[in-house]
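Undergrad: Quick one: structure below, then a few questions.
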2 protein chains.
Amino acid sequence: GADNDLYINQAVVFIEDAIQYRSINHRMDSKSLWLYRWYYSRICQCILSLTITIILALAFIESPSSLTVTSDVRYRLPAWNPPCGLTESIELLCFLVFVIDVSVKSYLVGWEEFWKNKWLMAYILTLIVSLTDWVVSLSFFCTETVRIRRILRPFFLLQNSSMMKKTLKSINSTLPEMASVVLLLAVHLSLFTMFAMLLFARTKDGQQDKEWVGYFRNLPDSLTSLLVLLTTANNPDVMIPAYSKNRAYSIFFILFTVLGNLFLMNLLTAIIYNQFRGYLLKSVQSSLFRRRLGIRAAFEVLSSLKETPANAEQSYVSVGALLQVLQKVEMDSRCKQAITRSLKICSSDQLSAAQFQKLFEELDKDAIKQHPPSPEYRSYCMQKVQFAFGHPYFGYLGNVVALANIISICVVLVMDADKQPSERDDFFLGAINCFFILYYLLEMFLKILAMGLKRYLSYPSNRFDGLLTAILLVLEVATFAEYGFPHPGWRPEFMGLLSLWDMVRLVNMLIVFRFLRIIPNMKFMALVVTTLLDLVKNLRAFAGILVVVFYAFAITGIMLFKGAVVPMGNVRYVGNKLNATWVFCNSCNLMVVVVLSFKEKCDFMSSVTFRLRLFAAYFIYLLSVNLICRWAKIYFVAWWLISSVIWVNLFVALLLENFIHKWDRRCHRESLSDIEYQRTVELMFRDVLEEPTEEELMEKLYQHPHLHLCR
Amino acid sequence: GADNDLYINQAVVFIEDAIQYRSINHRMDSKSLWLYRWYYSRICQCILSLTITIILALAFIESPSSLTVTSDVRYRLPAWNPPCGLTESIELLCFLVFVIDVSVKSYLVGWEEFWKNKWLMAYILTLIVSLTDWVVSLSFFCTETVRIRRILRPFFLLQNSSMMKKTLKSINSTLPEMASVVLLLAVHLSLFTMFAMLLFARTKDGQQDKEWVGYFRNLPDSLTSLLVLLTTANNPDVMIPAYSKNRAYSIFFILFTVLGNLFLMNLLTAIIYNQFRGYLLKSVQSSLFRRRLGIRAAFEVLSSLKETPANAEQSYVSVGALLQVLQKVEMDSRCKQAITRSLKICSSDQLSAAQFQKLFEELDKDAIKQHPPSPEYRSYCMQKVQFAFGHPYFGYLGNVVALANIISICVVLVMDADKQPSERDDFFLGAINCFFILYYLLEMFLKILAMGLKRYLSYPSNRFDGLLTAILLVLEVATFAEYGFPHPGWRPEFMGLLSLWDMVRLVNMLIVFRFLRIIPNMKFMALVVTTLLDLVKNLRAFAGILVVVFYAFAITGIMLFKGAVVPMGNVRYVGNKLNATWVFCNSCNLMVVVVLSFKEKCDFMSSVTFRLRLFAAYFIYLLSVNLICRWAKIYFVAWWLISSVIWVNLFVALLLENFIHKWDRRCHRESLSDIEYQRTVELMFRDVLEEPTEEELMEKLYQHPHLHLCR
């Protein structure tokens, strides 16, 4: 009846929760279940992700930011300025999606849980603030300068990922200890600043106080100088004036650098690593618990279905009910088949809790990839051909040819390095390309012949090769159509960013990456590379948080420094430096910001003024720059602390964790096959994971706010 | 008789070996024993260390190096040039000491062991080469330029320290894995270099190929640009020309930096840390083994002394013999007393092996420091005074006053920052100093009154305070004698590096370091600081190896770049840059070299030529500079790899090891007393150390080349 249907549906949802490692604490009545399945359906989640992407991408076209091809203020065209109301209406649509999202989520967890859930509350708060800001913005006809909602945008990305929330919690728990070290750093910095100010005081002889003039003029200057020294950016320059006066002054700088840079900064690494040592394991462990809990909940629900004797000591689930549930569950078809198969083999009609769990252990297993067999040829000749070109030595030959390709390109490059473009003869390079592309084509066809198309395509390295070869062929044919066949004195045009001819050469370079295939053959290299690949997987949450932080910083930067730099005349020397700032002010380029924070700081101002003096007044320089400079300092220091100090250390910690775990495993087992299967984090930790006990699971189940199991 | 004397002497030497963690594999006849004890006597070892120090220090006065006060080539006086034969004769004396050293060592280990000992052979070889070079040098009357023996000098430091040899072995075992990563880095670098050369090719439009002109002109240039990018030294500059042409070019640089800098470089850290994880434990473990082995050997020797029944199942040692041995052994008097005391308490007259070992466990214990008691005053008033000023709150008051001192100095500094020296009024600072010094004096006397002089001096922090207060007092009195008492408009002279008045201010700064005493009161800070202190102890071997490497590099640098830079006219802008080089070429300043290798490379040449164009030809520039530049590049890259990449990573590894061990321990036990005692490495690892088994010890003893125990 209806009750049975409800139970079946509940079990389906529980199993889906288990598969996706979701929490099971949500409403369990049939309407809510329908809503829940709809909310977590692929299409709804896709719409949500798309909305988040769109709202984040809006910054690239909104008014103060202007993404143009060149970043040079002198040459760039005015960026497209969307009319007022265009981005705003897109924004409103996104907000509507978020409102629906938050209301569905809140409804599904129920009122009691809602009040405990700080993320949901923050979500609602963010939406309210954003909508208010949106209304204000429209009522000013988009002319207001401060738009708070832009800084809040990355929150939508953050709250949508449970991994990111978990990582943020971990980072949060490290903060007190990091704060201690940062405090130590601050004490270190301030003590040394005072020392420096006493040591490099102003003297009556103007010749003698270069150090004072340059770096220790007043308290903010001294603090900045030493802070920059901590980043090693001004490392020799800051000490040279004093050092050239008396060598003994270097002791001060050496002491400062050794204490601050070598000890305190590395201590930060140690602390963060220490905190994150168990991070991966803990997160995998909690995922495992969620999976087991979901399965167990499904079992409990199904066991209360019917006909089981109420006072039986153990509860059972009938095979039929489970099959019914399995049909409705959305899961990997391979897993579903495997479970159904083992259900059919199963001797008894009733499943105990342990058997039930065991069935679903299939989920934890990775697919074992089997390459399709090679075709079997009848003719003796074809068998010989198959043997010859299916042999690993043929692959090695391919690598050797690729190496020859790279060497020949290298030789051509070195020979052409100092020639004028008009003197250059591209015949040689063209002929080489022609030859190698023919070889690659031949290699591909022979391999397909030997292995059969299916087996050939089942190897990722072959797919990569084949794709590159095809691209090369297309480009080469296009080149010949455009410029004719290579002959002595052949000279294709260079134009724009990448002409057709450039493209050919670049794809030629790509093919030499095939050479990297030899890496898995070297034992240690294989370890290193698999560690790196694992790392990329485990880093997604960290990268997400970095994106969030970066986005907020970039938007703040755009708001703070908008209009700080104006395009000026045709002064080439100043151009570069100002470009850098302009770039920073206008786009979201990680490198440039990091780089600026390391090397430019406010010093670029002084270098600009120095050059101004040299080239006389070619342009009007804004006074506001100086005012902005203070803000810029604080802004850059904050960015340096977050991006360079904290994030890089987190990265190192994760890398250490991954590598050392891998290394330990390598020492335990030596089988090569491991490398192929055990890519997922869960599998990496399988030996050390603890299975949750029955008591823990049941304890958690009885605490479920919407499911009332009878003890 | 004589036999018994020999046995006693052997036992004495074995126990001394155990105390010093020395190997026991040396000759055991009585003359050799006498020689052995003489060789390891304090005076002989002192002479040896002194000789090593002298021969290393020679570089500072030898001809191409010239240590002068200023490093500025324009102002420095010609350095003192020792006459030919002076340093050479000192060198000869040192060599003679080394010859004696190596012959005694070789004799003591015996012929068989000698052939197995590569360090000894290398020692002899080094001496032969050095002496030959010395003869050549004298026959040229010191005019030859290449002196190989100078580069070989640090070997003498290396071979004299067993810790350094052990560390070197560890580093050596890490090399293959480091080599893999360095190989990966090289592949990464070369692939990207080719990419860059294809991407930033020369174009016909001279305006468009700024990137090519600046950084990718030919293969060596491109390689250098990207290598420097790997050190992040030219991080924004290298990409700015291309970036300002088209933003998409930044992808290339971002990819390169992320792969190379973030992944591969940090992987190196991970690998080194992984290799060094067990390093400290292993080294402490082997020290423990040596100690137990020495004790056991002493036991075996003593047990074969006399009167023990030959066919007894267990061997014994008489208490009397041990007391006789103890009298002769040179050891810490506290340990000796403790052992004698427990021997007297001992009930039986015979000691078994286990009892014997147990007696000597006293050696492993650290002295428990007891502060002498406070004096007991009769008068009630004095008791009150004692209570008041012996109370911790009085110490806190001192800290608060120190904080007030630092703040007042800070305020004065900020106020005086922009004033001309002639306008400045030092009355305020003088008055402040006067007041605070009086307070510090008062504090010291009150503390001595409350605690008694002995107890006061037993605390290191008090000794530090007292010393600083005394220095301050002397300087202050001297200042007043020189400049009179402070009054409005008081203005002491500034002169030279540090005038008397500057000194007073600096010592004033030192006293605020007392404020750091509060650190042990904060739990986490205490952990951090003790980790750092431990690290300094454990780092000695590493620091020694760094000194060795650095010395060799500095000497090579002096030889390679001698005469590369000549003093020139009064050009101020060029001065700084060239000074830096000059400094590097002439002295052994770590910072400057590291710094140069990071930031200057051969680029400083281009900047010099740029400035030359600006200021027109004020001086003649040597052509040889360009030739030297190639060598300099290789030299700097090698130095960067060793100092920055390998050594810094080793440092991080050690820090991680130390910190994590400490952290684990802190979680196990929470007693504060730990922090006071367990400073030595042995004690830190006590819980995890494994005692060597009886079989291992006996096995090792039977392998002794000169001691023939009957089984």
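For the structure tokens, the naming scheme is as follows: chains receive sequential letters (A, B, ...) according to their order of presentation, residues are indexed from 1 within each chain, and ligands are indexed from 1 in presentation order.
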List as a list in words the protein and nucleic acid residues near Ile545 in chain B, meaning an atom at most 7 Å away when only C-alpha atoms are counted, but skip any in the same chain fewer than 4 places from it.
TA: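 Neighbouring residues, sequence-local ones excluded: Met164, Ala541 and Val549 of chain B.
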Undergrad: DSSP says helix (DSSP H, G or I) for which residues of range 9-133 of chain B? Put them as a PyMOL selection string?
TA: chain B and resi 9-20+30-39+42-60+86-116+118-133
Undergrad: Determine which residues of range 221-432 of chain B receive a DSSP assignment of strand (DSSP E), computed from the backbone, and state them as a PyMOL selection string.
TA: chain B and resi 317-318+350-351
Undergrad: Using only C-alpha atoms, which of A:Asp349, A:Leu229, A:Gly294, A:Val99 sits nearest Leu701 in chain A?
TA: A:Gly294
Undergrad: Quick one, how far is CA of Asn649 in chain B from CA of Phe263 in chain A?
TA: 12.3 Å
Undergrad: Just the number, please: distance in Å from CA of Asn4 in chain A to CA of Ser103 in chain A, one decimal.
TA: 28.9 Å
Undergrad: In Å, with one decimal, what is the gap from CA of Cys434 in chain B to CA of Phe389 in chain B?
TA: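 CA of Phe389 in chain B lies at a distance of 22.3 Å from CA of Cys434 in chain B.
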Undergrad: Name all residues at most 12 Å from Ile407 in chain B (count only C-alpha atoms; drop same-chain ones fewer than 2 positions away) and give them as a list in words.
TA: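 Using only C-alpha atoms, the neighbours found are Ser190, Leu191 and Met194 of chain A; Val400, Val401, Ala402, Leu403, Ala404, Asn405, Ile409, Cys410, Val411, Val412, Leu413, Val414, Leu429, Ile432, Asn508, Met509 and Val512 of chain B.
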Undergrad: Residues at most 10 Å from range 139-150 of chain B, counting only C-alpha atoms, excluding those fewer than 4 positions away in the same chain, as a list in words?
TA: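 So, after excluding close chain neighbours, the residues are Ile55, Leu56, Leu58, Ala59, Ser63, Pro64, Pro83, Cys84, Gly85, Glu88, Thr126, Leu127, Ile128, Val129, Ser130, Leu131, Thr132, Asp133, Trp134, Val135, Pro154, Tyr551, Ala552, Ile555, Thr556, Met559, Leu560 and Lys562 of chain B.
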Undergrad: Which residue is closest to chain A? Choose from B:Pro373, B:Pro176, B:Pro82, B:Gly544 and count only C-alpha atoms.
TA: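 Among B:Pro373, B:Pro176, B:Pro82, B:Gly544, it is B:Pro176 that comes nearest to chain A.
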Undergrad: Find the spatial neighbours of Pro692 in chain A, counting only C-alpha atoms, within a cut-off of 8 Å - ignore same-chain residues fewer than 2 positions away - and output them as an MDAnalysis selection string.
TA: chainID A and resid 289 292 690 694 696:697
Undergrad: Since we have the selection now, will you write its residues out, keeping N, CA and C atoms, as a JSON list (two decimals), in the first residue's frame?
TA:
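Below is the file again-v8.json, written as the result:
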```
[["chain", "number", "residue", "atom", "x", "y", "z"],
["A", 289, "PHE", "N", 31.56, 6.99, 6.82],
["A", 289, "PHE", "CA", 30.49, 6.89, 7.81],
["A", 289, "PHE", "C", 29.16, 7.27, 7.20],
["A", 292, "ARG", "N", 27.93, 4.34, 5.03],
["A", 292, "ARG", "CA", 27.43, 3.21, 5.81],
["A", 292, "ARG", "C", 26.11, 3.55, 6.49],
["A", 690, "GLU", "N", 38.68, 2.94, 9.32],
["A", 690, "GLU", "CA", 37.97, 2.13, 10.31],
["A", 690, "GLU", "C", 36.51, 2.04, 9.91],
["A", 694, "GLU", "N", 28.29, -1.01, 14.53],
["A", 694, "GLU", "CA", 26.83, -1.06, 14.50],
["A", 694, "GLU", "C", 26.21, -0.07, 15.48],
["A", 696, "GLU", "N", 27.42, 2.75, 16.71],
["A", 696, "GLU", "CA", 27.54, 4.13, 16.24],
["A", 696, "GLU", "C", 26.46, 4.44, 15.21],
["A", 697, "LEU", "N", 26.29, 3.52, 14.27],
["A", 697, "LEU", "CA", 25.32, 3.75, 13.20],
["A", 697, "LEU", "C", 23.92, 3.88, 13.79]]
```
